[in-house]
>>> print(open('my_file12.txt').read())   # compact mmCIF, C-alpha atoms
# COMPACT_ATOMS: atom_id res chain seq x y z
CA MET A 30 115.84 151.64 112.46
CA THR A 31 114.02 149.27 114.87
CA ASP A 32 113.54 145.57 114.27
CA ASP A 33 109.81 146.15 113.77
CA ALA A 34 110.48 148.83 111.17
CA ILE A 35 112.92 146.53 109.35
CA ALA A 36 110.42 143.66 109.43
CA GLU A 37 107.65 145.90 108.10
CA ALA A 38 109.89 147.26 105.35
CA ALA A 39 110.91 143.71 104.38
CA TYR A 40 107.27 142.66 104.32
CA TYR A 41 106.28 145.49 102.00
CA ALA A 42 109.35 144.99 99.82
CA PHE A 43 109.02 141.22 99.40
CA ALA A 44 105.63 139.86 100.42
CA SER A 45 103.42 142.76 99.41
CA PRO A 46 104.13 142.45 95.65
CA ILE A 47 103.31 138.74 95.84
CA VAL A 48 100.07 139.50 97.68
CA GLN A 49 99.18 142.16 95.11
CA GLY A 50 99.73 139.69 92.27
CA LEU A 51 97.50 137.16 93.96
CA ARG A 52 94.77 139.71 94.50
CA ALA A 53 94.54 140.21 90.76
CA SER A 54 93.72 136.55 90.18
CA ALA A 55 91.99 135.46 93.40
CA ARG A 56 88.44 135.95 92.16
CA ALA A 57 89.14 134.00 88.96
CA LEU A 58 90.77 131.19 90.92
CA ASN A 59 87.85 131.01 93.34
CA ARG A 60 85.37 130.83 90.44
CA LEU A 61 87.43 128.09 88.77
CA ALA A 62 87.79 126.06 91.98
CA SER A 63 84.09 126.42 92.74
CA ALA A 64 83.10 125.33 89.24
CA ILE A 65 85.37 122.31 89.27
CA ASN A 66 84.64 121.21 92.83
CA SER A 67 80.96 122.09 92.95
CA LYS A 68 78.49 119.38 93.81
CA ALA A 69 76.91 119.68 90.37
CA PRO A 70 78.30 117.13 87.93
CA ALA A 71 80.85 118.47 85.49
CA ALA A 72 80.14 117.20 81.98
CA GLY A 73 78.50 114.08 83.44
CA ARG A 74 81.66 112.90 85.21
CA GLY A 75 81.03 114.42 88.64
CA THR A 76 83.49 116.25 90.84
CA LEU A 77 87.18 115.41 90.91
CA VAL A 78 86.65 113.66 94.23
CA ARG A 79 83.85 111.53 92.78
CA GLN A 80 86.00 110.71 89.74
CA ALA A 81 88.88 109.60 91.98
CA LEU A 82 86.55 107.47 94.10
CA ALA A 83 85.02 105.88 91.00
CA ARG A 84 88.48 104.95 89.66
CA LEU A 85 89.44 103.34 92.98
CA VAL A 86 86.18 101.39 93.27
CA ARG A 87 86.37 100.02 89.74
CA PHE A 88 90.14 99.38 89.81
CA PRO A 89 91.18 98.97 93.48
CA ALA A 90 94.72 97.85 92.59
CA ILE A 91 95.56 101.31 91.21
CA ALA A 92 95.82 102.63 94.77
CA GLY A 93 99.34 101.19 94.71
CA SER A 94 100.31 103.63 91.95
CA VAL A 95 99.65 106.65 94.20
CA SER A 96 102.84 108.19 95.57
CA ALA A 97 103.26 109.30 99.16
CA ALA A 98 103.41 112.92 97.96
CA GLU A 99 100.13 112.55 96.05
CA ARG A 100 98.47 111.06 99.13
CA ALA A 101 99.93 113.80 101.35
CA GLY A 102 98.41 116.41 99.02
CA LEU A 103 94.96 115.39 100.29
CA ALA A 104 95.83 116.03 103.94
CA THR A 105 94.70 119.66 104.03
CA CYS A 106 91.88 119.41 101.52
CA GLU A 107 88.41 119.98 102.96
CA GLU A 108 86.26 119.35 99.88
CA PRO A 109 83.14 117.22 100.35
CA GLY A 110 84.00 113.55 99.98
CA VAL A 111 87.74 113.92 100.51
CA GLY A 112 87.50 112.25 103.90
CA LEU A 113 86.04 109.15 102.24
CA LEU A 114 88.66 109.35 99.49
CA ARG A 115 91.48 109.48 102.06
CA GLU A 116 89.94 106.61 104.03
CA LEU A 117 89.45 104.41 100.95
CA LEU A 118 92.91 105.17 99.58
CA ASP A 119 94.57 104.46 102.94
CA ASP A 120 92.59 101.23 103.28
CA LEU A 121 93.65 100.06 99.81
CA LEU A 122 97.27 101.02 100.42
CA THR A 123 97.33 99.11 103.70
CA HIS A 124 95.23 96.14 102.54
CA PRO A 125 95.44 95.94 98.72
CA LEU A 126 92.61 94.45 96.68
CA THR A 127 92.33 93.65 92.99
CA ARG A 128 88.59 93.24 92.34
CA PRO A 129 85.70 95.65 92.88
CA ALA A 130 83.60 92.89 94.45
CA GLU A 131 86.22 92.44 97.18
CA LEU A 132 86.15 96.16 97.89
CA LEU A 133 82.35 96.27 98.10
CA GLU A 134 82.35 93.26 100.42
CA ARG A 135 84.92 94.89 102.71
CA TRP A 136 83.00 98.17 102.79
CA ALA A 137 79.45 96.70 102.90
CA ALA A 138 78.98 97.32 106.64
CA ARG A 139 80.41 100.86 106.57
CA ARG A 140 78.18 103.87 106.20
CA ASP A 141 79.76 104.79 102.83
CA GLY A 142 79.58 101.27 101.40
CA LYS A 143 76.33 101.94 99.52
CA HIS A 144 77.76 105.13 98.05
CA LEU A 145 80.76 103.20 96.73
CA ALA A 146 78.46 100.54 95.27
CA ARG A 147 76.49 103.23 93.40
CA LEU A 148 79.73 104.54 91.90
CA LEU A 149 80.38 101.09 90.47
CA GLU A 150 76.94 101.05 88.83
CA ARG A 151 77.74 104.10 86.70
CA GLU A 152 78.93 103.55 83.16
CA GLU A 153 82.65 104.13 82.92
CA ILE A 154 84.60 105.51 79.98
CA ILE A 155 87.92 104.27 81.34
CA VAL A 156 88.11 100.52 80.74
CA ASP A 157 91.72 99.68 81.53
CA GLU A 158 93.71 99.83 84.74
CA ALA A 159 96.60 101.88 83.30
CA GLY A 160 94.28 104.64 82.10
CA ALA A 161 92.40 104.61 85.40
CA ALA A 162 95.68 104.95 87.33
CA LEU A 163 96.67 107.98 85.25
CA GLU A 164 93.23 109.56 85.74
CA LEU A 165 93.35 108.90 89.49
CA ARG A 166 96.77 110.45 89.94
CA ALA A 167 95.82 113.47 87.82
CA ALA A 168 92.65 113.98 89.87
CA LEU A 169 94.59 113.73 93.15
CA MET A 170 97.10 116.32 91.94
CA ARG A 171 94.32 118.69 90.84
CA ILE A 172 92.48 118.29 94.14
CA ALA A 173 95.70 119.16 96.01
CA ASP A 174 96.34 122.13 93.69
CA PHE A 175 92.87 123.51 94.38
CA ALA A 176 93.39 123.12 98.13
CA THR A 177 96.62 125.12 97.78
CA GLU A 178 94.88 127.84 95.78
CA ARG A 179 92.06 128.08 98.30
CA ARG A 180 94.48 128.39 101.21
CA LEU A 181 96.37 131.10 99.32
CA ALA A 182 93.09 132.95 98.82
CA VAL A 183 92.36 132.72 102.57
CA LEU A 184 95.80 134.07 103.43
CA GLU A 185 95.30 136.85 100.90
CA ARG A 186 92.00 137.85 102.52
CA ILE A 187 93.71 137.84 105.91
CA SER A 188 96.49 140.05 104.53
CA ARG A 189 93.92 142.61 103.41
CA ALA A 190 92.54 142.87 106.94
CA ARG A 191 95.83 142.76 108.82
CA ARG A 192 99.49 142.00 108.46
CA LEU A 193 100.24 138.26 108.22
CA ASP A 194 102.00 136.89 111.30
CA ASP A 195 105.35 135.12 110.90
CA HIS A 196 103.79 131.65 110.66
CA GLU A 197 101.23 132.78 108.07
CA LEU A 198 103.90 134.55 106.04
CA VAL A 199 106.11 131.44 105.97
CA GLU A 200 103.08 129.33 104.99
CA PHE A 201 102.15 131.84 102.29
CA GLN A 202 105.66 131.82 100.81
CA SER A 203 105.77 128.01 100.89
CA LEU A 204 102.41 127.75 99.13
CA VAL A 205 103.43 130.27 96.48
CA ARG A 206 106.58 128.25 95.74
CA ARG A 207 104.70 124.97 95.27
CA ARG A 208 101.73 126.50 93.54
CA PRO A 209 100.90 124.96 90.17
CA ARG A 210 102.29 126.80 87.17
CA SER A 211 99.85 127.75 84.46
>>> encode(input="my_file12.txt", output="structure tokens")
Amino acid sequence: MTDDAIAEAAYYAFASPIVQGLRASARALNRLASAINSKAPAAGRGTLVRQALARLVRFPAIAGSVSAAERAGLATCEEPGVGLLRELLDDLLTHPLTRPAELLERWAARRDGKHLARLLEREEIIVDEAGAALELRAALMRIADFATERRLAVLERISRARRLDDHELVEFQSLVRRRPRS
């Protein structure tokens, strides 16, 4: 048996059942991710990204509660607004602030400063820093989970068209292992 034949047999024995299981739920996951991350407000609170931004603007000190792993989870996310979220979070981690007015002053000259100011104008149901920190961290984890699910869906679509290359297969297996349990 050649190396290629062994590799193909291993793929069909190990990876193929995983891919088949993902195919069964891919459409449901895509609908869920689209509903949660759509630009339309969800129950008046906005997208997860908007919720995370609002928590940081109102309670800038909570940026310090975000772990390195939670911040790293945003690295591959491509949702609208995540670039601003990463930039704001990194800014607050590097140069901590405690008051919203300080944040707005720092960001006044930036192109997204007005957007952040509008977030502060909205009525907020979270009124304490501890609750805001929990909400922020939960939103960051969910954003990262949805990015993982979307990447898995992309790899699944690729696997339907052709065999995954070695790099894609390793990435696929890594994503499946860290995928959120439901």
>>> closest_residue(input="my_file12.txt", among="A:Leu204, A:Ala176, A:Ala161, A:Val199", to="Cys106 of chain A", atoms="all atoms listed in the file")
A:Ala176
>>> residues_around(input="my_file12.txt", residues="Glu107 of chain A", least_positions_apart="5", cutoff="12 Å", atoms="all atoms listed in the file", output="VMD selection string")
chain A and resid 66 78 102 112 to 115 172 to 173 175 to 177 179 to 180
>>> residues_around(input="my_file12.txt", residues="Leu184 of chain A", least_positions_apart="6", cutoff="8 Å", atoms="all atoms listed in the file", output="JSON, numbers by chain")
{"A": [193, 197, 201]}
>>> closest_residue(input="my_file12.txt", among="A:Ala190, A:Leu77, A:Val111, A:Arg128", to="Glu158 of chain A", atoms="only C-alpha atoms")
A:Arg128
>>> residues_around(input="my_file12.txt", residues="Arg139 of chain A", least_positions_apart="5", cutoff="12 Å", atoms="only C-alpha atoms", output="MDAnalysis selection string")
chainID A and resid 113 116:117 132:134 144:146
>>> atom_distance(input="my_file12.txt", atom1="atom CA of Arg100 of chain A", atom2="atom CA of Leu122 of chain A")
10.2 Å
>>> atom_distance(input="my_file12.txt", atom1="atom CA of Arg206 of chain A", atom2="atom CA of Ala168 of chain A")
20.8 Å
>>> atom_distance(input="my_file12.txt", atom1="atom CA of Val205 of chain A", atom2="atom CA of Glu185 of chain A")
11.4 Å
>>> closest_residue(input="my_file12.txt", among="A:Arg186, A:Arg147, A:Arg171, A:His196", to="Ala83 of chain A", atoms="all atoms listed in the file")
A:Arg147
>>> closest_residue(input="my_file12.txt", among="A:Arg140, A:Leu121, A:Leu149, A:Met170", to="Val86 of chain A", atoms="all atoms listed in the file")
A:Leu149
>>> closest_residue(input="my_file12.txt", among="A:Ala162, A:Ala138, A:Ile154, A:Ala81", to="Gly93 of chain A", atoms="all atoms listed in the file")
A:Ala162
>>> closest_residue(input="my_file12.txt", among="A:Asp194, A:Glu153, A:Glu108, A:Asp119", to="Gln80 of chain A", atoms="all atoms listed in the file")
A:Glu153
>>> build_atoms(input="my_file12.txt", residues="segment 71-107 of chain A", atoms="N, CA and C atoms", output="mmCIF file, keeping the file's coordinate frame")
data_model
loop_
_atom_site.group_PDB
_atom_site.id
_atom_site.type_symbol
_atom_site.label_atom_id
_atom_site.label_comp_id
_atom_site.auth_asym_id
_atom_site.auth_seq_id
_atom_site.Cartn_x
_atom_site.Cartn_y
_atom_site.Cartn_z
ATOM 1 N N ALA A 71 80.151 117.743 86.537
ATOM 2 C CA ALA A 71 80.850 118.470 85.490
ATOM 3 C C ALA A 71 80.903 117.579 84.260
ATOM 4 N N ALA A 72 80.169 117.938 83.235
ATOM 5 C CA ALA A 72 80.140 117.200 81.980
ATOM 6 C C ALA A 72 79.807 115.721 82.209
ATOM 7 N N GLY A 73 78.943 115.438 83.195
ATOM 8 C CA GLY A 73 78.500 114.080 83.440
ATOM 9 C C GLY A 73 79.487 113.209 84.197
ATOM 10 N N ARG A 74 80.655 113.714 84.535
ATOM 11 C CA ARG A 74 81.660 112.900 85.210
ATOM 12 C C ARG A 74 81.674 113.124 86.704
ATOM 13 N N GLY A 75 81.022 114.139 87.211
ATOM 14 C CA GLY A 75 81.030 114.420 88.640
ATOM 15 C C GLY A 75 82.253 115.224 89.035
ATOM 16 N N THR A 76 82.365 115.465 90.322
ATOM 17 C CA THR A 76 83.490 116.250 90.840
ATOM 18 C C THR A 76 84.778 115.439 90.723
ATOM 19 N N LEU A 77 85.896 116.104 90.930
ATOM 20 C CA LEU A 77 87.180 115.410 90.910
ATOM 21 C C LEU A 77 87.232 114.333 91.996
ATOM 22 N N VAL A 78 86.663 114.634 93.143
ATOM 23 C CA VAL A 78 86.650 113.660 94.230
ATOM 24 C C VAL A 78 85.843 112.427 93.819
ATOM 25 N N ARG A 79 84.690 112.647 93.241
ATOM 26 C CA ARG A 79 83.850 111.530 92.780
ATOM 27 C C ARG A 79 84.571 110.726 91.705
ATOM 28 N N GLN A 80 85.253 111.415 90.787
ATOM 29 C CA GLN A 80 86.000 110.710 89.740
ATOM 30 C C GLN A 80 87.098 109.838 90.348
ATOM 31 N N ALA A 81 87.822 110.366 91.336
ATOM 32 C CA ALA A 81 88.880 109.600 91.980
ATOM 33 C C ALA A 81 88.304 108.388 92.708
ATOM 34 N N LEU A 82 87.198 108.586 93.420
ATOM 35 C CA LEU A 82 86.550 107.470 94.100
ATOM 36 C C LEU A 82 86.094 106.404 93.112
ATOM 37 N N ALA A 83 85.503 106.838 92.003
ATOM 38 C CA ALA A 83 85.020 105.880 91.000
ATOM 39 C C ALA A 83 86.167 105.054 90.428
ATOM 40 N N ARG A 84 87.317 105.691 90.190
ATOM 41 C CA ARG A 84 88.480 104.950 89.660
ATOM 42 C C ARG A 84 88.935 103.898 90.676
ATOM 43 N N LEU A 85 88.993 104.275 91.947
ATOM 44 C CA LEU A 85 89.440 103.340 92.980
ATOM 45 C C LEU A 85 88.462 102.182 93.177
ATOM 46 N N VAL A 86 87.169 102.457 93.094
ATOM 47 C CA VAL A 86 86.180 101.390 93.270
ATOM 48 C C VAL A 86 86.253 100.402 92.113
ATOM 49 N N ARG A 87 86.357 100.902 90.915
ATOM 50 C CA ARG A 87 86.370 100.020 89.740
ATOM 51 C C ARG A 87 87.706 99.293 89.589
ATOM 52 N N PHE A 88 88.802 99.951 89.946
ATOM 53 C CA PHE A 88 90.140 99.380 89.810
ATOM 54 C C PHE A 88 90.907 99.537 91.135
ATOM 55 N N PRO A 89 90.569 98.774 92.166
ATOM 56 C CA PRO A 89 91.180 98.970 93.480
ATOM 57 C C PRO A 89 92.708 98.852 93.488
ATOM 58 N N ALA A 90 93.267 98.058 92.607
ATOM 59 C CA ALA A 90 94.720 97.850 92.590
ATOM 60 C C ALA A 90 95.495 99.121 92.243
ATOM 61 N N ILE A 91 94.840 100.093 91.612
ATOM 62 C CA ILE A 91 95.560 101.310 91.210
ATOM 63 C C ILE A 91 95.950 102.171 92.403
ATOM 64 N N ALA A 92 95.413 101.880 93.574
ATOM 65 C CA ALA A 92 95.820 102.630 94.770
ATOM 66 C C ALA A 92 97.327 102.518 94.971
ATOM 67 N N GLY A 93 97.901 101.386 94.579
ATOM 68 C CA GLY A 93 99.340 101.190 94.710
ATOM 69 C C GLY A 93 100.174 102.098 93.841
ATOM 70 N N SER A 94 99.563 102.717 92.834
ATOM 71 C CA SER A 94 100.310 103.630 91.950
ATOM 72 C C SER A 94 100.400 105.042 92.519
ATOM 73 N N VAL A 95 99.678 105.314 93.594
ATOM 74 C CA VAL A 95 99.650 106.650 94.200
ATOM 75 C C VAL A 95 100.897 106.835 95.063
ATOM 76 N N SER A 96 101.623 107.912 94.799
ATOM 77 C CA SER A 96 102.840 108.190 95.570
ATOM 78 C C SER A 96 102.486 108.768 96.942
ATOM 79 N N ALA A 97 103.452 108.721 97.832
ATOM 80 C CA ALA A 97 103.260 109.300 99.160
ATOM 81 C C ALA A 97 102.980 110.796 99.057
ATOM 82 N N ALA A 98 103.631 111.477 98.133
ATOM 83 C CA ALA A 98 103.410 112.920 97.960
ATOM 84 C C ALA A 98 101.989 113.196 97.456
ATOM 85 N N GLU A 99 101.496 112.359 96.545
ATOM 86 C CA GLU A 99 100.130 112.550 96.050
ATOM 87 C C GLU A 99 99.120 112.313 97.165
ATOM 88 N N ARG A 100 99.363 111.314 97.993
ATOM 89 C CA ARG A 100 98.470 111.060 99.130
ATOM 90 C C ARG A 100 98.545 112.211 100.127
ATOM 91 N N ALA A 101 99.746 112.704 100.398
ATOM 92 C CA ALA A 101 99.930 113.800 101.350
ATOM 93 C C ALA A 101 99.224 115.069 100.869
ATOM 94 N N GLY A 102 99.093 115.240 99.565
ATOM 95 C CA GLY A 102 98.410 116.410 99.020
ATOM 96 C C GLY A 102 96.954 116.507 99.434
ATOM 97 N N LEU A 103 96.366 115.396 99.856
ATOM 98 C CA LEU A 103 94.960 115.390 100.290
ATOM 99 C C LEU A 103 94.799 115.781 101.752
ATOM 100 N N ALA A 104 95.897 115.840 102.491
ATOM 101 C CA ALA A 104 95.830 116.030 103.940
ATOM 102 C C ALA A 104 95.109 117.308 104.350
ATOM 103 N N THR A 105 95.302 118.387 103.632
ATOM 104 C CA THR A 105 94.700 119.660 104.030
ATOM 105 C C THR A 105 93.436 120.001 103.250
ATOM 106 N N CYS A 106 93.061 119.150 102.336
ATOM 107 C CA CYS A 106 91.880 119.410 101.520
ATOM 108 C C CYS A 106 90.609 119.167 102.328
ATOM 109 N N GLU A 107 89.653 120.069 102.192
ATOM 110 C CA GLU A 107 88.410 119.980 102.960
ATOM 111 C C GLU A 107 87.189 119.866 102.060
#
